[in-house]
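Trainee: File follows, data00.txt with compact mmCIF, C-alpha atoms and all ligand atoms:
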```
# COMPACT_ATOMS: atom_id res chain seq x y z
CA MET A 1 2.27 4.63 13.78
CA ARG A 2 3.26 7.08 11.01
CA LEU A 3 2.87 5.77 7.49
CA ARG A 4 4.65 6.60 4.26
CA VAL A 5 1.76 7.27 1.89
CA GLY A 6 2.07 7.54 -1.88
CA ILE A 7 -0.53 9.07 -4.18
CA VAL A 8 -0.48 8.52 -7.93
CA GLY A 9 -2.54 11.35 -9.42
CA ALA A 10 -2.20 13.69 -6.42
CA THR A 11 -3.11 16.78 -8.45
CA GLY A 12 -6.34 15.32 -9.87
CA ALA A 13 -9.93 15.67 -8.67
CA VAL A 14 -9.75 12.41 -6.69
CA GLY A 15 -6.15 13.03 -5.59
CA GLU A 16 -7.06 16.40 -4.06
CA GLU A 17 -9.98 14.80 -2.27
CA LEU A 18 -7.75 12.01 -0.93
CA LEU A 19 -5.57 14.66 0.70
CA ALA A 20 -8.61 16.41 2.19
CA VAL A 21 -10.16 13.17 3.50
CA MET A 22 -6.89 11.93 5.07
CA GLU A 23 -6.42 15.28 6.79
CA GLN A 24 -10.02 15.47 8.04
CA ARG A 25 -9.93 11.91 9.39
CA GLY A 26 -6.47 12.21 10.95
CA PHE A 27 -5.03 9.40 8.86
CA PRO A 28 -1.52 8.83 10.29
CA VAL A 29 0.64 10.12 7.45
CA GLY A 30 4.31 10.37 8.43
CA GLU A 31 5.59 11.10 4.95
CA LEU A 32 3.57 11.97 1.85
CA VAL A 33 4.80 11.06 -1.64
CA PRO A 34 2.50 12.92 -4.09
CA THR A 35 3.09 12.07 -7.73
CA ALA A 36 1.50 13.25 -10.98
CA SER A 37 2.42 13.68 -14.61
CA GLU A 38 5.50 15.59 -15.78
CA ARG A 39 3.14 18.57 -16.28
CA SER A 40 2.83 19.02 -12.52
CA VAL A 41 6.45 18.62 -11.55
CA GLY A 42 7.52 21.84 -9.86
CA ARG A 43 4.11 22.24 -8.22
CA ALA A 44 3.33 21.28 -4.64
CA VAL A 45 0.25 20.01 -2.84
CA ARG A 46 -0.76 21.23 0.60
CA PHE A 47 -1.28 18.65 3.33
CA ALA A 48 -1.19 18.88 7.13
CA GLY A 49 -0.03 22.49 7.14
CA ARG A 50 2.89 22.15 4.76
CA GLU A 51 3.74 22.00 1.07
CA TRP A 52 4.80 18.67 -0.43
CA PRO A 53 6.54 18.81 -3.83
CA VAL A 54 4.83 16.84 -6.60
CA LEU A 55 7.18 14.18 -7.98
CA PRO A 56 7.20 12.39 -11.33
CA LEU A 57 6.47 8.66 -11.13
CA GLU A 58 10.05 7.82 -12.04
CA GLY A 59 12.26 8.20 -9.00
CA ALA A 60 9.44 8.73 -6.46
CA ARG A 61 10.29 5.39 -4.77
CA LEU A 62 6.62 4.50 -4.39
CA ASP A 63 7.66 0.86 -3.92
CA GLU A 64 9.05 1.83 -0.48
CA CYS A 65 5.73 3.31 0.72
CA ASP A 66 3.48 1.51 3.21
CA LEU A 67 0.49 2.21 0.99
CA VAL A 68 -0.20 3.84 -2.34
CA PHE A 69 -3.48 5.28 -3.62
CA LEU A 70 -3.72 4.84 -7.40
CA SER A 71 -5.74 7.66 -8.99
CA ALA A 72 -4.31 8.46 -12.39
CA GLY A 73 -6.37 6.32 -14.74
CA ALA A 74 -6.62 2.63 -15.60
CA SER A 75 -3.64 2.36 -17.95
CA ILE A 76 -1.29 3.81 -15.32
CA SER A 77 -2.65 1.42 -12.66
CA ARG A 78 -2.21 -1.50 -15.05
CA ALA A 79 1.43 -0.59 -15.67
CA LEU A 80 2.31 0.36 -12.10
CA ALA A 81 0.47 -2.11 -9.85
CA PRO A 82 2.54 -5.24 -10.61
CA LYS A 83 5.79 -3.30 -10.02
CA LEU A 84 4.57 -1.85 -6.74
CA LEU A 85 3.26 -5.21 -5.50
CA ALA A 86 6.81 -6.57 -5.93
CA GLY A 87 7.81 -3.99 -3.31
CA ARG A 88 6.35 -2.97 0.04
CA PRO A 89 3.04 -1.09 -0.38
CA ARG A 90 -0.57 -2.08 -0.12
CA LEU A 91 -2.53 -0.60 -3.03
CA TYR A 92 -5.91 1.16 -2.96
CA ASP A 93 -6.86 1.57 -6.58
CA ASN A 94 -9.48 4.13 -7.64
CA THR A 95 -9.24 3.20 -11.30
CA SER A 96 -11.22 0.58 -13.21
CA ALA A 97 -8.09 -1.44 -14.13
CA PHE A 98 -8.49 -4.42 -11.79
CA ARG A 99 -12.06 -4.16 -10.46
CA LEU A 100 -13.20 -7.38 -12.09
CA ASP A 101 -9.93 -9.25 -11.49
CA PRO A 102 -10.70 -12.15 -9.10
CA LYS A 103 -7.24 -11.73 -7.51
CA VAL A 104 -8.09 -8.14 -6.52
CA ALA A 105 -10.66 -7.37 -3.81
CA LEU A 106 -13.54 -5.08 -4.79
CA VAL A 107 -14.75 -3.77 -1.47
CA VAL A 108 -17.26 -1.22 -0.22
CA PRO A 109 -16.64 -1.23 3.56
CA GLU A 110 -20.31 -0.96 4.61
CA VAL A 111 -21.36 -3.76 2.25
CA ASN A 112 -18.61 -6.40 1.97
CA GLY A 113 -15.86 -5.15 4.29
CA HIS A 114 -15.26 -8.74 5.42
CA ARG A 115 -13.70 -9.39 1.99
CA LEU A 116 -10.75 -7.13 2.86
CA THR A 117 -8.63 -9.72 4.66
CA PRO A 118 -5.16 -8.75 5.99
CA ALA A 119 -3.47 -10.81 3.27
CA ILE A 120 -4.96 -8.65 0.51
CA ARG A 121 -2.45 -6.11 -0.81
CA HIS A 122 -4.41 -4.83 -3.78
CA ALA A 123 -7.93 -3.54 -3.21
CA ALA A 124 -10.00 -1.85 -5.91
CA VAL A 125 -12.36 1.00 -5.13
CA ALA A 126 -15.50 0.46 -7.18
CA ASN A 127 -16.89 2.85 -9.78
CA CYS A 128 -18.38 5.94 -8.13
CA THR A 129 -21.91 5.36 -9.46
CA ALA A 130 -21.74 1.71 -8.41
CA ILE A 131 -20.64 2.57 -4.86
CA LEU A 132 -23.52 5.01 -4.31
CA LEU A 133 -26.02 2.52 -5.75
CA VAL A 134 -24.77 -0.55 -3.90
CA LEU A 135 -25.00 1.24 -0.54
CA ALA A 136 -28.76 1.50 -1.11
CA LEU A 137 -29.17 -1.92 -2.73
CA ALA A 138 -27.30 -3.95 -0.09
CA PRO A 139 -29.85 -3.44 2.73
CA LEU A 140 -32.69 -4.29 0.33
CA GLU A 141 -30.87 -7.42 -0.84
CA ARG A 142 -30.33 -8.46 2.80
CA ALA A 143 -33.92 -7.81 3.88
CA PHE A 144 -35.99 -8.81 0.84
CA GLY A 145 -33.72 -10.16 -1.92
CA LEU A 146 -33.35 -8.34 -5.24
CA ASP A 147 -34.68 -9.64 -8.54
CA ARG A 148 -34.04 -6.70 -10.83
CA VAL A 149 -32.68 -3.14 -10.74
CA VAL A 150 -33.29 -0.34 -13.24
CA VAL A 151 -31.22 2.79 -12.69
CA SER A 152 -30.90 6.10 -14.53
CA THR A 153 -28.11 8.41 -13.42
CA TYR A 154 -27.53 12.15 -13.29
CA GLN A 155 -23.75 12.35 -13.06
CA ALA A 156 -21.76 15.44 -12.12
CA VAL A 157 -19.12 16.76 -14.48
CA SER A 158 -16.34 16.43 -11.88
CA GLY A 159 -16.80 12.68 -12.39
CA GLY A 160 -14.84 13.23 -15.60
CA GLY A 161 -11.89 14.77 -13.73
CA ARG A 162 -10.46 18.21 -13.05
CA ARG A 163 -10.22 19.29 -16.69
CA ALA A 164 -13.87 18.42 -17.39
CA LEU A 165 -14.92 20.51 -14.40
CA GLU A 166 -12.85 23.47 -15.62
CA ARG A 167 -14.42 23.03 -19.07
CA LEU A 168 -17.96 23.19 -17.65
CA LYS A 169 -17.18 26.37 -15.70
CA ASP A 170 -15.69 27.96 -18.81
CA GLU A 171 -18.70 26.91 -20.93
CA LEU A 172 -21.16 28.31 -18.37
CA ARG A 173 -19.34 31.66 -18.30
CA ARG A 174 -19.24 31.85 -22.11
CA GLU A 175 -22.89 30.86 -22.67
CA LEU A 176 -24.09 33.28 -20.00
CA ALA A 177 -22.08 35.99 -21.78
CA GLY A 178 -24.10 35.29 -24.92
CA GLU A 179 -21.88 32.88 -26.85
CA VAL A 180 -23.62 29.85 -28.39
CA LEU A 181 -21.36 26.80 -28.18
CA PRO A 182 -21.59 24.33 -31.07
CA ALA A 183 -23.12 20.93 -30.14
CA GLY A 184 -20.77 18.92 -32.35
CA ALA A 185 -18.85 15.71 -31.75
CA SER A 186 -17.85 16.91 -28.29
CA PRO A 187 -21.10 18.49 -27.04
CA PRO A 188 -20.97 21.12 -24.31
CA PHE A 189 -21.72 20.10 -20.72
CA ALA A 190 -23.35 23.48 -20.10
CA PHE A 191 -27.17 23.45 -20.16
CA ASN A 192 -27.09 19.92 -21.52
CA CYS A 193 -27.65 16.24 -20.62
CA ILE A 194 -25.36 13.78 -22.37
CA PRO A 195 -26.49 10.12 -22.29
CA SER A 196 -23.01 8.73 -22.97
CA ILE A 197 -20.33 8.22 -20.31
CA GLY A 198 -17.25 6.09 -20.87
CA GLU A 199 -15.93 4.19 -23.81
CA ILE A 200 -18.10 2.19 -26.21
CA ASP A 201 -17.14 -1.37 -27.01
CA PRO A 202 -17.45 -1.96 -30.76
CA GLY A 203 -18.33 -5.63 -30.06
CA ASP A 204 -21.77 -7.05 -30.73
CA ASP A 205 -24.87 -4.92 -31.18
CA VAL A 206 -25.77 -4.80 -27.48
CA ALA A 207 -22.19 -3.95 -26.45
CA ALA A 208 -22.05 -1.20 -29.05
CA ARG A 209 -25.25 0.26 -27.61
CA THR A 210 -24.08 0.16 -23.99
CA THR A 211 -21.52 2.59 -22.55
CA GLY A 212 -18.52 1.62 -20.42
CA GLU A 213 -20.06 3.34 -17.41
CA GLU A 214 -23.32 1.40 -17.77
CA LYS A 215 -21.40 -1.86 -18.01
CA LYS A 216 -19.27 -1.01 -14.96
CA VAL A 217 -22.33 -0.29 -12.83
CA GLY A 218 -23.89 -3.69 -13.59
CA ASP A 219 -20.71 -5.77 -13.40
CA GLU A 220 -19.38 -4.16 -10.23
CA VAL A 221 -22.66 -4.13 -8.29
CA ARG A 222 -23.14 -7.82 -9.13
CA ARG A 223 -19.61 -8.60 -7.93
CA ILE A 224 -19.91 -6.63 -4.67
CA LEU A 225 -23.30 -8.16 -3.82
CA GLU A 226 -22.07 -11.59 -4.93
CA ARG A 227 -25.14 -11.87 -7.14
CA PRO A 228 -23.84 -12.78 -10.63
CA ASP A 229 -27.45 -13.48 -11.64
CA LEU A 230 -28.83 -10.04 -10.67
CA SER A 231 -30.48 -8.21 -13.56
CA ILE A 232 -29.36 -4.56 -13.71
CA VAL A 233 -30.28 -2.11 -16.45
CA ALA A 234 -28.38 1.20 -16.25
CA THR A 235 -28.60 4.39 -18.30
CA CYS A 236 -25.84 6.82 -17.38
CA VAL A 237 -26.22 10.52 -18.15
CA ARG A 238 -23.83 13.43 -17.63
CA VAL A 239 -25.62 16.53 -16.33
CA PRO A 240 -24.26 20.05 -15.73
CA VAL A 241 -23.88 19.59 -11.97
CA LEU A 242 -20.45 20.46 -10.57
CA ARG A 243 -20.24 17.79 -7.92
CA ALA A 244 -22.23 14.77 -6.56
CA HIS A 245 -24.02 12.16 -8.63
CA SER A 246 -27.75 11.37 -8.42
CA GLU A 247 -29.56 8.19 -9.42
CA SER A 248 -33.20 7.27 -9.96
CA VAL A 249 -33.61 3.62 -9.02
CA LEU A 250 -36.36 1.06 -9.49
CA VAL A 251 -36.01 -2.24 -7.63
CA GLU A 252 -38.01 -5.40 -8.05
CA LEU A 253 -37.79 -7.35 -4.79
CA ARG A 254 -37.95 -11.13 -4.48
CA ASP A 255 -40.24 -10.69 -1.52
CA ARG A 256 -43.41 -9.60 -3.34
CA GLU A 257 -45.09 -8.97 0.05
CA ALA A 258 -42.53 -6.33 1.11
CA ARG A 259 -44.29 -3.27 2.56
CA LEU A 260 -43.31 0.36 1.97
CA ASP A 261 -42.66 0.92 5.71
CA ASP A 262 -40.25 -2.01 5.83
CA VAL A 263 -38.39 -0.79 2.75
CA ILE A 264 -38.05 2.68 4.29
CA ALA A 265 -36.87 1.16 7.59
CA ALA A 266 -34.26 -1.00 5.83
CA LEU A 267 -32.84 2.06 4.07
CA ARG A 268 -33.06 4.26 7.19
CA ASP A 269 -31.03 1.79 9.25
CA ALA A 270 -28.38 1.11 6.60
CA ALA A 271 -24.75 2.15 7.12
CA GLY A 272 -23.59 5.05 4.96
CA ILE A 273 -27.11 6.28 4.19
CA GLU A 274 -28.99 9.42 5.23
CA LEU A 275 -32.74 9.24 4.73
CA ARG A 276 -34.16 12.45 3.22
CA ASP A 277 -37.63 11.24 2.47
CA ASP A 278 -40.23 13.89 3.23
CA LEU A 279 -41.65 15.16 -0.05
CA ALA A 280 -44.23 17.46 1.56
CA ARG A 281 -41.54 19.28 3.58
CA GLY A 282 -39.03 19.33 0.72
CA VAL A 283 -36.64 16.97 2.50
CA LEU A 284 -35.09 15.39 -0.59
CA PRO A 285 -31.84 13.89 -1.78
CA MET A 286 -30.06 16.49 -3.91
CA PRO A 287 -26.53 16.85 -5.25
CA ARG A 288 -26.22 20.39 -3.85
CA LEU A 289 -26.83 18.95 -0.37
CA ALA A 290 -24.83 15.75 -0.82
CA ALA A 291 -21.70 17.53 -2.13
CA GLY A 292 -18.94 17.56 0.47
CA GLY A 293 -20.71 15.01 2.68
CA ASP A 294 -19.88 11.40 3.47
CA LEU A 295 -23.38 9.88 3.32
CA VAL A 296 -25.53 8.83 0.39
CA GLN A 297 -28.86 10.59 0.63
CA VAL A 298 -31.93 8.47 -0.20
CA GLY A 299 -35.52 9.64 -0.54
CA ARG A 300 -38.66 9.80 -2.72
CA ILE A 301 -39.18 6.14 -1.72
CA ARG A 302 -42.51 4.91 -3.06
CA PRO A 303 -44.22 1.80 -4.42
CA ALA A 304 -43.98 1.35 -8.15
CA ASP A 305 -46.34 -0.37 -10.55
CA ARG A 306 -46.31 -3.97 -9.25
CA PRO A 307 -46.14 -5.82 -5.91
CA GLY A 308 -42.53 -5.94 -4.70
CA CYS A 309 -41.51 -2.99 -6.91
CA PHE A 310 -40.29 0.24 -5.34
CA THR A 311 -38.61 3.34 -6.65
CA PHE A 312 -36.36 5.91 -4.98
CA PHE A 313 -33.85 8.66 -5.69
CA LEU A 314 -30.36 9.00 -4.28
CA ALA A 315 -27.56 11.57 -4.30
CA GLY A 316 -23.98 11.20 -3.09
CA ASP A 317 -20.62 12.88 -3.43
CA GLN A 318 -18.84 10.78 -6.02
CA LEU A 319 -15.44 12.29 -5.22
CA ARG A 320 -15.76 11.41 -1.53
CA LYS A 321 -17.86 8.26 -0.94
CA GLY A 322 -17.56 7.32 -4.62
CA ALA A 323 -13.75 7.47 -4.54
CA ALA A 324 -11.48 9.12 -1.94
CA LEU A 325 -13.42 8.40 1.24
CA THR A 326 -13.94 4.74 0.37
CA ALA A 327 -10.23 4.38 -0.50
CA VAL A 328 -9.18 5.90 2.84
CA GLN A 329 -11.73 3.74 4.71
CA LEU A 330 -10.19 0.64 3.11
CA ALA A 331 -6.72 1.76 4.24
CA GLU A 332 -8.08 2.44 7.74
CA LEU A 333 -9.51 -1.08 7.91
CA GLN A 334 -6.18 -2.65 6.97
CA PHE A 335 -3.92 -0.40 9.06
CA GLY A 336 -6.29 -0.38 12.05
CA THR A 337 -6.44 3.40 12.13
CA GLY A 338 -10.18 4.05 11.69
N1 LIG B 401 -13.60 12.06 -10.72
C1 LIG B 401 -14.35 11.16 -10.09
O1 LIG B 401 -15.45 11.46 -9.59
C2 LIG B 401 -13.87 9.74 -9.95
C3 LIG B 401 -14.58 8.89 -9.12
C4 LIG B 401 -14.17 7.57 -8.98
C5 LIG B 401 -13.05 7.14 -9.65
N2 LIG B 401 -12.37 7.98 -10.48
C6 LIG B 401 -11.17 7.47 -11.15
O2 LIG B 401 -10.03 8.01 -10.50
C7 LIG B 401 -8.99 8.23 -11.44
C8 LIG B 401 -8.58 9.70 -11.38
O3 LIG B 401 -9.70 10.48 -11.76
P1 LIG B 401 -9.72 12.07 -11.58
O4 LIG B 401 -11.12 12.47 -11.76
O5 LIG B 401 -9.00 12.47 -10.33
O6 LIG B 401 -8.87 12.54 -12.86
P2 LIG B 401 -8.11 13.91 -13.09
O7 LIG B 401 -8.73 15.01 -12.32
O8 LIG B 401 -7.99 14.04 -14.57
O9 LIG B 401 -6.65 13.64 -12.49
C9 LIG B 401 -5.76 12.71 -13.06
C10 LIG B 401 -4.49 12.65 -12.23
O10 LIG B 401 -3.61 11.70 -12.84
C11 LIG B 401 -2.38 12.34 -13.17
N3 LIG B 401 -1.83 11.80 -14.39
C12 LIG B 401 -2.37 11.85 -15.63
N4 LIG B 401 -1.52 11.27 -16.53
C13 LIG B 401 -0.44 10.84 -15.83
C14 LIG B 401 0.78 10.19 -16.17
N5 LIG B 401 1.03 9.83 -17.44
N6 LIG B 401 1.66 9.90 -15.20
C15 LIG B 401 1.39 10.25 -13.91
N7 LIG B 401 0.26 10.88 -13.50
C16 LIG B 401 -0.64 11.18 -14.46
C17 LIG B 401 -2.74 13.81 -13.34
O11 LIG B 401 -1.58 14.59 -13.21
P3 LIG B 401 -1.52 16.08 -13.88
O12 LIG B 401 -2.33 16.98 -12.98
O13 LIG B 401 -0.07 16.37 -13.82
O14 LIG B 401 -2.08 15.97 -15.25
C18 LIG B 401 -3.73 13.97 -12.18
O15 LIG B 401 -3.03 14.08 -10.96
C19 LIG B 401 -9.55 7.77 -12.80
O16 LIG B 401 -9.16 6.45 -13.03
C20 LIG B 401 -11.04 7.86 -12.60
O17 LIG B 401 -11.74 6.98 -13.45
C21 LIG B 401 -12.75 9.28 -10.63
```
Translate the structure described by the file into structure tokens.

Mentor:
Amino acid sequence: MRLRVGIVGATGAVGEELLAVMEQRGFPVGELVPTASERSVGRAVRFAGREWPVLPLEGARLDECDLVFLSAGASISRALAPKLLAGRPRLYDNTSAFRLDPKVALVVPEVNGHRLTPAIRHAAVANCTAILLVLALAPLERAFGLDRVVVSTYQAVSGGGRRALERLKDELRRELAGEVLPAGASPPFAFNCIPSIGEIDPGDDVAARTTGEEKKVGDEVRRILERPDLSIVATCVRVPVLRAHSESVLVELRDREARLDDVIAALRDAAGIELRDDLARGVLPMPRLAAGGDLVQVGRIRPADRPGCFTFFLAGDQLRKGAALTAVQLAELQFGTG
């Protein structure tokens, strides 16, 4: 089987990673249709030993592909998905456009892969921070039940796309050369932590005090775990890390008798997780180590202040497991190529 594979946003941070993941996993691409904005027309992307010209959306005939990865932002997915679904392709959508739409499947293969039935033609890939978190929460939910989750994130700048990453590198070079960048309305990423990621809803007081990213993490984790009642408090922070997000997590388990050893065992045995939990030997989850890998590293697991409460730290590559790898895994499940 050789598939005609379209990518919307092929020149972006996630688009580039989609190409790398498909190549590494031997995804059966017969023909690649890479598209991007008009800015990139005339460029080419490299895949499977050859150059593929980047096409504008108009005229790329994405509706004739077997599958299309959508990775160019929510507004483009919103406009494009209905048109493509009238044609041939299955869609794997990395944007936030349809993640809460009950007609669209929101699937993390290791957690709720059974939700990706053959009839589904539009699957959403969850928010990167939510994917990394839910991989660690799912085994705890299965083994002990979850009552409450409190998470603080340390999110890499590449989570904001290719231009944000280039901006951080430029800022680092300039600051190290002695320039002092102004911390105005658009504060520098360099040597900074910015507790605001995503849009802010001007709705009621709570909405106006919660960022889009924080809302996504709660809403999407609840949907994937099928726990609409689960209490999740998230604080999302951009940190000057190039790649791979980290999260500090506190869980309150329903099973107040849960023992530390059992919590560690549940995480150790979970799909998609690598345990790095030896503080004395320095075996820790860290973005430098998680970058480029497929697994979410979990460690620093310890009891918290009350029975049934535990805390841990995780790190995972948000461009791979948080986006491109999960999208390709979903396609593998549906095309039987995994
Ligand atoms: N970065 C992450 O870690 C991450 C993780 C999970 C999900 N996501 C989501 O994935 C999507 C892509 O993110 P990214 O980080 O890859 O962004 P990015 O690096 O900024 O790339 C955006 C891509 O979309 C293309 N594009 C922009 N405007 C377009 C238009 N009007 N028509 C056609 N193509 C257009 C860009 O083409 P040009 O190069 O020509 O501008 C580029 O290929 C976003 O929805 C994001 O929220 C990102």

Trainee: For atom CA of A:Ala79 and atom CA of A:Glu51, determine how far apart the two atoms are, in Å to one decimal place.

Mentor: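 Spanning atom CA of A:Ala79 to atom CA of A:Glu51 is a straight-line distance of 28.2 Å.
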
Trainee: Residues at most 8 Å from ligand LIG 401 (chain B), using only C-alpha atoms and all ligand atoms? Could they come as a PDB file with C-alpha atoms, keeping the file's coordinate frame?

Mentor:
```pdb
ATOM      1  CA  VAL A   8      -0.480   8.520  -7.930  1.00  0.00           C
ATOM      2  CA  GLY A   9      -2.540  11.350  -9.420  1.00  0.00           C
ATOM      3  CA  ALA A  10      -2.200  13.690  -6.420  1.00  0.00           C
ATOM      4  CA  THR A  11      -3.110  16.780  -8.450  1.00  0.00           C
ATOM      5  CA  GLY A  12      -6.340  15.320  -9.870  1.00  0.00           C
ATOM      6  CA  ALA A  13      -9.930  15.670  -8.670  1.00  0.00           C
ATOM      7  CA  VAL A  14      -9.750  12.410  -6.690  1.00  0.00           C
ATOM      8  CA  GLY A  15      -6.150  13.030  -5.590  1.00  0.00           C
ATOM      9  CA  GLU A  16      -7.060  16.400  -4.060  1.00  0.00           C
ATOM     10  CA  THR A  35       3.090  12.070  -7.730  1.00  0.00           C
ATOM     11  CA  ALA A  36       1.500  13.250 -10.980  1.00  0.00           C
ATOM     12  CA  SER A  37       2.420  13.680 -14.610  1.00  0.00           C
ATOM     13  CA  GLU A  38       5.500  15.590 -15.780  1.00  0.00           C
ATOM     14  CA  ARG A  39       3.140  18.570 -16.280  1.00  0.00           C
ATOM     15  CA  SER A  40       2.830  19.020 -12.520  1.00  0.00           C
ATOM     16  CA  VAL A  41       6.450  18.620 -11.550  1.00  0.00           C
ATOM     17  CA  PRO A  56       7.200  12.390 -11.330  1.00  0.00           C
ATOM     18  CA  LEU A  57       6.470   8.660 -11.130  1.00  0.00           C
ATOM     19  CA  LEU A  70      -3.720   4.840  -7.400  1.00  0.00           C
ATOM     20  CA  SER A  71      -5.740   7.660  -8.990  1.00  0.00           C
ATOM     21  CA  ALA A  72      -4.310   8.460 -12.390  1.00  0.00           C
ATOM     22  CA  GLY A  73      -6.370   6.320 -14.740  1.00  0.00           C
ATOM     23  CA  ALA A  74      -6.620   2.630 -15.600  1.00  0.00           C
ATOM     24  CA  ILE A  76      -1.290   3.810 -15.320  1.00  0.00           C
ATOM     25  CA  ASN A  94      -9.480   4.130  -7.640  1.00  0.00           C
ATOM     26  CA  THR A  95      -9.240   3.200 -11.300  1.00  0.00           C
ATOM     27  CA  SER A  96     -11.220   0.580 -13.210  1.00  0.00           C
ATOM     28  CA  VAL A 125     -12.360   1.000  -5.130  1.00  0.00           C
ATOM     29  CA  ALA A 126     -15.500   0.460  -7.180  1.00  0.00           C
ATOM     30  CA  ASN A 127     -16.890   2.850  -9.780  1.00  0.00           C
ATOM     31  CA  CYS A 128     -18.380   5.940  -8.130  1.00  0.00           C
ATOM     32  CA  ALA A 156     -21.760  15.440 -12.120  1.00  0.00           C
ATOM     33  CA  SER A 158     -16.340  16.430 -11.880  1.00  0.00           C
ATOM     34  CA  GLY A 159     -16.800  12.680 -12.390  1.00  0.00           C
ATOM     35  CA  GLY A 160     -14.840  13.230 -15.600  1.00  0.00           C
ATOM     36  CA  GLY A 161     -11.890  14.770 -13.730  1.00  0.00           C
ATOM     37  CA  ARG A 162     -10.460  18.210 -13.050  1.00  0.00           C
ATOM     38  CA  ARG A 163     -10.220  19.290 -16.690  1.00  0.00           C
ATOM     39  CA  ALA A 164     -13.870  18.420 -17.390  1.00  0.00           C
ATOM     40  CA  GLN A 318     -18.840  10.780  -6.020  1.00  0.00           C
ATOM     41  CA  LEU A 319     -15.440  12.290  -5.220  1.00  0.00           C
ATOM     42  CA  GLY A 322     -17.560   7.320  -4.620  1.00  0.00           C
ATOM     43  CA  ALA A 323     -13.750   7.470  -4.540  1.00  0.00           C
ATOM     44  CA  ALA A 324     -11.480   9.120  -1.940  1.00  0.00           C
TER      45      ALA A 324
END
```

Trainee: For A:Arg2, work out the shell of residues within 9 Å, counting all atoms listed in the file and skipping chain neighbours fewer than 6 positions away, then give it as a ChimeraX atom specification.

Mentor: /A:27-31

Trainee: Of the residues A:Val104, A:Leu85, A:Val21, A:Pro34, which is the one nearest to A:Pro53, using all atoms listed in the file?

Mentor: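 Among the listed residues, A:Pro34 lies closest to A:Pro53.
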
Trainee: Set the distance at 8 Å and use all atoms listed in the file: which residues neighbour A:Arg78 once local chain neighbours fewer than 4 positions away are removed? I'd like the list as a list in words.

Mentor: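 Surrounding residues, per the criterion: Ala74, Pro82, Ala97 and Phe98 of chain A.
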
Trainee: Could you check which residues have any atom within 10 Å of (-11.5, 16.1, 4.8), counting only C-alpha atoms with coordinates taken straight from the file, and then list them as a ChimeraX atom specification?

Mentor: /A:16-26,292-294,320,324-325

Trainee: Pick out the closest residue to A:Cys309 from this set: A:Gly184, A:Gly198, A:Gly218, A:Gly145. Count only C-alpha atoms.

Mentor: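 Closest residue, counting only C-alpha atoms: A:Gly145.
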